[in-house]
Amino acid sequence: MASEEKQLPKTVKINGSYCRNYNAIHHAQFHRNQLDLVKGVDKTKLKLPADLPEKWNTGITYETKIDQHSALSADTAKLKKKDAERKDQLIHIFLTIRAQERSHKEDVRDAALRLAATLHPYEKIYKLPYEMESGRLLSMEDDIKTMTAEITALGLTDAFENLKKINTEFEALHVRRRTGDADGKLPQAVEIRPQTDAAFDAVCQYIQAAYLSATSDDDRALIDQLVDRMNQTSRDFKAMQRSLTASHRKDNKKKPGEKKKPRKKPDDGPDIRLPEDGNQPKKPEGGGGGK
């Protein structure tokens, strides 16, 4: 039996990468490193189809662009900042109204109560998605057109004008970002990543087959070295992934004896004790028109 085993042809195997679990930039970088190793070897020795490395590279390039587009959008950063400004202005307005409801001056107190009754539906609109908040602010502008006296009595004329200005600037940014996304639209990461992984798997199959069909010891040694380097790259990236995972777990792990921190308010705003008007949806962080 031992003599039969010695006669079996030697094979090579490119180990699994588990790269499907990597984050966006880690996933793209893994494939970039592996592609560079493969491109360093004569593709005729590997018997790769002429277009396969290019298809693999296309997926990697798209992944890199998607990550950059998501992380480096200047308009997105400006949009979030502008949205925070209109949130602060809204909170300031309702804080003032709530405080003036207890004014010792009857005319001011009555003006605050009338204004509070009219604006009650708008108290939590800063929690809504972008388009909904913008639309509600426009509706609020119509509602306060007949309340100039009340707004003046509470000293909020400038605050409401500033809120309108901020909302106009926000919408201009929002339109620009939306049209920019449409003009340079990229495929979704969930569509591209499986294609990149599939290209890598196909390349691995060709390399393993090329070793078996190699006609010289030099070619086999060349492919054997390539496989060793690709497997080492996979091990290195697995180690990095484990390190990242361990770091996240350590950060999230509660230290012994550590007191539980009080939970922040969902709107992260001051305690102005505004009446709740039902379970309104929180604004999402990414995609589409949400926050």
# chains A, B, ... in the order shown; residues from 1 in each chain; ligands from 1
>>> residues_around(residues="A:Gly40", least_positions_apart="6", cutoff="12 Å", atoms="only C-alpha atoms", output="list in words")
Asn33, Gln34, Leu46, Pro53, Leu222, Ile223, Gln225, Leu226, Arg229 and Met230 of chain A
>>> residues_around(residues="A:Arg86", least_positions_apart="4", cutoff="8 Å", atoms="only C-alpha atoms", output="list in words")
Lys82, Leu90, Leu163, Ile166 and Asn167 of chain A
>>> select_by_dssp(residues="stretch 106-239 of chain A", states="alpha helix (DSSP H)", output="PyMOL selection string")
chain A and resi 106-119+130-143+148-153+157-183+189-213+217-239
>>> atom_distance(atom1="atom CA of A:Ala112", atom2="atom CA of A:Lys145")
15.5 Å
>>> residues_around(residues="A:Tyr122", least_positions_apart="3", cutoff="10 Å", atoms="only C-alpha atoms", output="PyMOL selection string")
chain A and resi 90+94+116+118-119+125-126+133+136-137+139-140+277
>>> closest_residue(among="A:Lys47, A:Thr233, A:Asp75, A:Gln205", to="A:Thr11", atoms="only C-alpha atoms")
A:Gln205
>>> residues_around(residues="A:Asn231", least_positions_apart="2", cutoff="9 Å", atoms="only C-alpha atoms", output="tab-separated table (two decimals) with all heavy atoms, in the first residue's frame")
chain	number	residue	atom	x	y	z
A	13	LYS	N	-3.24	22.45	-3.60
A	13	LYS	CA	-4.58	22.92	-3.24
A	13	LYS	C	-4.48	24.33	-2.69
A	13	LYS	O	-3.69	24.61	-1.79
A	13	LYS	CB	-5.22	22.00	-2.20
A	13	LYS	CG	-6.62	22.45	-1.79
A	13	LYS	CD	-7.26	21.44	-0.88
A	13	LYS	CE	-8.64	21.92	-0.40
A	13	LYS	NZ	-9.57	22.18	-1.51
A	14	ILE	N	-5.30	25.22	-3.25
A	14	ILE	CA	-5.39	26.59	-2.74
A	14	ILE	C	-6.49	26.59	-1.69
A	14	ILE	O	-7.65	26.28	-1.97
A	14	ILE	CB	-5.71	27.59	-3.87
A	14	ILE	CG1	-4.61	27.52	-4.94
A	14	ILE	CG2	-5.84	29.00	-3.31
A	14	ILE	CD1	-4.89	28.34	-6.17
A	15	ASN	N	-6.11	26.90	-0.48
A	15	ASN	CA	-7.03	26.80	0.66
A	15	ASN	C	-8.13	27.85	0.59
A	15	ASN	O	-7.95	28.93	0.03
A	15	ASN	CB	-6.27	26.95	1.98
A	15	ASN	CG	-5.24	25.85	2.15
A	15	ASN	OD1	-5.46	24.70	1.74
A	15	ASN	ND2	-4.11	26.17	2.75
A	16	GLY	N	-9.26	27.51	1.22
A	16	GLY	CA	-10.37	28.46	1.28
A	16	GLY	C	-9.98	29.73	2.01
A	16	GLY	O	-9.19	29.71	2.95
A	17	SER	N	-10.54	30.84	1.56
A	17	SER	CA	-10.14	32.15	2.11
A	17	SER	C	-11.10	32.66	3.17
A	17	SER	O	-10.74	33.50	3.98
A	17	SER	CB	-10.08	33.17	0.97
A	17	SER	OG	-11.37	33.35	0.41
A	226	LEU	N	3.65	29.60	-6.42
A	226	LEU	CA	2.50	30.51	-6.46
A	226	LEU	C	1.43	30.09	-5.47
A	226	LEU	O	0.88	30.92	-4.73
A	226	LEU	CB	1.92	30.54	-7.88
A	226	LEU	CG	0.58	31.29	-8.04
A	226	LEU	CD1	0.74	32.77	-7.69
A	226	LEU	CD2	0.05	31.14	-9.47
A	227	VAL	N	1.12	28.79	-5.42
A	227	VAL	CA	0.10	28.28	-4.50
A	227	VAL	C	0.51	28.54	-3.06
A	227	VAL	O	-0.31	28.96	-2.23
A	227	VAL	CB	-0.15	26.78	-4.75
A	227	VAL	CG1	-1.04	26.20	-3.65
A	227	VAL	CG2	-0.79	26.56	-6.11
A	228	ASP	N	1.80	28.32	-2.74
A	228	ASP	CA	2.28	28.59	-1.38
A	228	ASP	C	2.08	30.05	-1.01
A	228	ASP	O	1.65	30.37	0.12
A	228	ASP	CB	3.77	28.23	-1.26
A	228	ASP	CG	4.00	26.73	-1.18
A	228	ASP	OD1	3.04	26.00	-0.90
A	228	ASP	OD2	5.15	26.30	-1.41
A	229	ARG	N	2.38	30.94	-1.94
A	229	ARG	CA	2.24	32.37	-1.67
A	229	ARG	C	0.76	32.77	-1.52
A	229	ARG	O	0.42	33.60	-0.67
A	229	ARG	CB	2.89	33.18	-2.79
A	229	ARG	CG	4.41	33.08	-2.79
A	229	ARG	CD	5.03	33.79	-3.95
A	229	ARG	NE	6.49	33.78	-3.88
A	229	ARG	CZ	7.30	34.28	-4.82
A	229	ARG	NH1	6.78	34.85	-5.91
A	229	ARG	NH2	8.61	34.23	-4.66
A	233	THR	N	-1.02	34.29	1.82
A	233	THR	CA	-1.85	35.50	1.81
A	233	THR	C	-3.20	35.24	2.49
A	233	THR	O	-3.69	36.06	3.27
A	233	THR	CB	-2.07	35.98	0.36
A	233	THR	OG1	-0.80	36.32	-0.22
A	233	THR	CG2	-2.98	37.20	0.32
A	234	SER	N	-3.80	34.09	2.19
A	234	SER	CA	-5.07	33.74	2.83
A	234	SER	C	-4.91	33.63	4.34
A	234	SER	O	-5.76	34.12	5.10
A	234	SER	CB	-5.60	32.41	2.27
A	234	SER	OG	-5.99	32.55	0.92
A	235	ARG	N	-3.82	33.02	4.79
A	235	ARG	CA	-3.59	32.89	6.23
A	235	ARG	C	-3.39	34.26	6.88
A	235	ARG	O	-3.90	34.53	7.98
A	235	ARG	CB	-2.37	32.00	6.50
A	235	ARG	CG	-2.61	30.52	6.24
A	235	ARG	CD	-1.49	29.67	6.79
A	235	ARG	NE	-0.24	29.87	6.06
A	235	ARG	CZ	0.13	29.18	4.98
A	235	ARG	NH1	-0.68	28.25	4.49
A	235	ARG	NH2	1.28	29.42	4.39
A	236	ASP	N	-2.67	35.13	6.20
A	236	ASP	CA	-2.44	36.48	6.74
A	236	ASP	C	-3.75	37.24	6.89
A	236	ASP	O	-3.98	37.91	7.91
A	236	ASP	CB	-1.49	37.26	5.83
A	236	ASP	CG	-0.06	36.72	5.87
A	236	ASP	OD1	0.26	35.96	6.80
A	236	ASP	OD2	0.73	37.06	4.95
>>> residues_around(residues="A:Lys43", least_positions_apart="6", cutoff="12 Å", atoms="only C-alpha atoms", output="list in words")
Leu35, Leu37, Pro49, Ala50, Asp51, Leu52, Pro53, Glu54, Val203, Tyr206, Ile207, Ala210, Asp219, Leu222, Ile223 and Leu226 of chain A
>>> closest_residue(among="A:Thr157, A:Thr96, A:Thr152, A:Thr196", to="A:His31", atoms="only C-alpha atoms")
A:Thr196
>>> closest_residue(among="A:Asp36, A:Asp158, A:Glu171, A:Asp217", to="A:His92", atoms="only C-alpha atoms")
A:Asp158
>>> residues_around(residues="stretch 100-107 of chain A", least_positions_apart="4", cutoff="12 Å", atoms="only C-alpha atoms", output="ChimeraX atom specification")
/A:93-96,111-117,149-156
>>> closest_residue(among="A:Leu173, A:Ile60, A:Ala77, A:Leu128", to="A:Ala199", atoms="only C-alpha atoms")
A:Ile60
>>> residues_around(residues="A:Pro194", least_positions_apart="3", cutoff="12 Å", atoms="only C-alpha atoms", output="number ranges by chain")
A: 19-21, 27-28, 56, 59-60, 63, 188-191, 197-201
>>> atom_distance(atom1="atom CA of A:Ile25", atom2="atom CA of A:Thr61")
11.2 Å
>>> closest_residue(among="A:Ala99, A:Asn57, A:Lys45, A:Val38", to="A:Asp218", atoms="only C-alpha atoms")
A:Lys45
>>> atom_distance(atom1="atom CA of A:Val175", atom2="atom CA of A:Lys124")
23.5 Å
>>> decode(residues="stretch 21-34 of chain A", atoms="all heavy atoms", output="tab-separated table (two decimals), in the first residue's frame")
chain	number	residue	atom	x	y	z
A	21	ASN	N	-16.69	36.76	4.61
A	21	ASN	CA	-16.98	37.38	5.91
A	21	ASN	C	-16.25	38.70	6.11
A	21	ASN	O	-16.45	39.36	7.13
A	21	ASN	CB	-16.59	36.42	7.04
A	21	ASN	CG	-17.36	35.12	6.99
A	21	ASN	OD1	-18.54	35.12	6.68
A	21	ASN	ND2	-16.70	34.02	7.30
A	22	TYR	N	-15.38	39.08	5.17
A	22	TYR	CA	-14.58	40.29	5.35
A	22	TYR	C	-15.42	41.54	5.09
A	22	TYR	O	-16.39	41.51	4.33
A	22	TYR	CB	-13.39	40.30	4.39
A	22	TYR	CG	-12.40	39.17	4.60
A	22	TYR	CD1	-11.44	38.87	3.64
A	22	TYR	CD2	-12.42	38.40	5.76
A	22	TYR	CE1	-10.52	37.85	3.83
A	22	TYR	CE2	-11.52	37.38	5.96
A	22	TYR	CZ	-10.57	37.10	4.98
A	22	TYR	OH	-9.67	36.09	5.18
A	23	ASN	N	-15.02	42.64	5.72
A	23	ASN	CA	-15.68	43.92	5.43
A	23	ASN	C	-15.29	44.38	4.02
A	23	ASN	O	-14.45	43.75	3.36
A	23	ASN	CB	-15.36	44.97	6.49
A	23	ASN	CG	-13.87	45.33	6.55
A	23	ASN	OD1	-13.18	45.33	5.52
A	23	ASN	ND2	-13.38	45.63	7.74
A	24	ALA	N	-15.87	45.47	3.57
A	24	ALA	CA	-15.74	45.89	2.17
A	24	ALA	C	-14.29	46.09	1.75
A	24	ALA	O	-13.83	45.52	0.75
A	24	ALA	CB	-16.54	47.17	1.94
A	25	ILE	N	-13.55	46.91	2.49
A	25	ILE	CA	-12.18	47.22	2.06
A	25	ILE	C	-11.27	46.03	2.26
A	25	ILE	O	-10.35	45.79	1.48
A	25	ILE	CB	-11.65	48.48	2.82
A	25	ILE	CG1	-10.37	48.98	2.15
A	25	ILE	CG2	-11.46	48.19	4.29
A	25	ILE	CD1	-10.55	49.45	0.72
A	26	HIS	N	-11.52	45.24	3.32
A	26	HIS	CA	-10.72	44.03	3.58
A	26	HIS	C	-10.93	43.02	2.45
A	26	HIS	O	-9.97	42.37	1.99
A	26	HIS	CB	-11.16	43.44	4.93
A	26	HIS	CG	-10.18	42.49	5.52
A	26	HIS	ND1	-10.42	41.81	6.69
A	26	HIS	CD2	-8.95	42.09	5.12
A	26	HIS	CE1	-9.39	41.04	6.98
A	26	HIS	NE2	-8.49	41.19	6.03
A	27	HIS	N	-12.16	42.88	2.00
A	27	HIS	CA	-12.50	41.94	0.92
A	27	HIS	C	-11.80	42.34	-0.37
A	27	HIS	O	-11.18	41.51	-1.04
A	27	HIS	CB	-14.02	41.93	0.75
A	27	HIS	CG	-14.52	40.91	-0.22
A	27	HIS	ND1	-14.69	41.17	-1.56
A	27	HIS	CD2	-14.88	39.60	-0.04
A	27	HIS	CE1	-15.15	40.09	-2.17
A	27	HIS	NE2	-15.28	39.12	-1.27
A	28	ALA	N	-11.89	43.62	-0.73
A	28	ALA	CA	-11.26	44.09	-1.96
A	28	ALA	C	-9.74	43.96	-1.90
A	28	ALA	O	-9.09	43.57	-2.88
A	28	ALA	CB	-11.65	45.55	-2.22
A	29	GLN	N	-9.16	44.26	-0.73
A	29	GLN	CA	-7.71	44.19	-0.59
A	29	GLN	C	-7.20	42.75	-0.67
A	29	GLN	O	-6.13	42.48	-1.23
A	29	GLN	CB	-7.28	44.83	0.74
A	29	GLN	CG	-5.80	45.13	0.85
A	29	GLN	CD	-5.32	46.14	-0.19
A	29	GLN	OE1	-6.10	46.86	-0.77
A	29	GLN	NE2	-4.03	46.16	-0.44
A	30	PHE	N	-7.97	41.82	-0.12
A	30	PHE	CA	-7.60	40.40	-0.22
A	30	PHE	C	-7.50	39.99	-1.69
A	30	PHE	O	-6.51	39.38	-2.12
A	30	PHE	CB	-8.63	39.53	0.50
A	30	PHE	CG	-8.50	38.07	0.18
A	30	PHE	CD1	-7.55	37.29	0.80
A	30	PHE	CD2	-9.34	37.47	-0.76
A	30	PHE	CE1	-7.41	35.93	0.50
A	30	PHE	CE2	-9.21	36.13	-1.07
A	30	PHE	CZ	-8.25	35.35	-0.44
A	31	HIS	N	-8.53	40.31	-2.45
A	31	HIS	CA	-8.53	39.93	-3.86
A	31	HIS	C	-7.44	40.66	-4.63
A	31	HIS	O	-6.83	40.09	-5.55
A	31	HIS	CB	-9.91	40.23	-4.47
A	31	HIS	CG	-10.93	39.19	-4.14
A	31	HIS	ND1	-10.94	37.94	-4.71
A	31	HIS	CD2	-11.99	39.22	-3.28
A	31	HIS	CE1	-11.95	37.24	-4.23
A	31	HIS	NE2	-12.60	37.99	-3.36
A	32	ARG	N	-7.17	41.91	-4.29
A	32	ARG	CA	-6.10	42.67	-4.97
A	32	ARG	C	-4.76	41.99	-4.76
A	32	ARG	O	-3.96	41.86	-5.69
A	32	ARG	CB	-6.09	44.10	-4.44
A	32	ARG	CG	-5.01	44.98	-5.04
A	32	ARG	CD	-5.29	45.32	-6.49
A	32	ARG	NE	-6.49	46.12	-6.63
A	32	ARG	CZ	-7.06	46.40	-7.80
A	32	ARG	NH1	-6.54	45.91	-8.92
A	32	ARG	NH2	-8.16	47.14	-7.86
A	33	ASN	N	-4.48	41.56	-3.55
A	33	ASN	CA	-3.21	40.89	-3.26
A	33	ASN	C	-3.09	39.57	-4.00
A	33	ASN	O	-2.02	39.24	-4.53
A	33	ASN	CB	-3.08	40.65	-1.74
A	33	ASN	CG	-2.58	41.86	-1.00
A	33	ASN	OD1	-1.40	41.96	-0.66
A	33	ASN	ND2	-3.46	42.82	-0.72
A	34	GLN	N	-4.18	38.81	-4.03
A	34	GLN	CA	-4.14	37.53	-4.74
A	34	GLN	C	-3.98	37.73	-6.25
A	34	GLN	O	-3.23	36.99	-6.91
A	34	GLN	CB	-5.42	36.73	-4.45
A	34	GLN	CG	-5.60	36.31	-3.00
A	34	GLN	CD	-4.65	35.19	-2.58
A	34	GLN	OE1	-3.56	35.05	-3.10
A	34	GLN	NE2	-5.09	34.40	-1.61
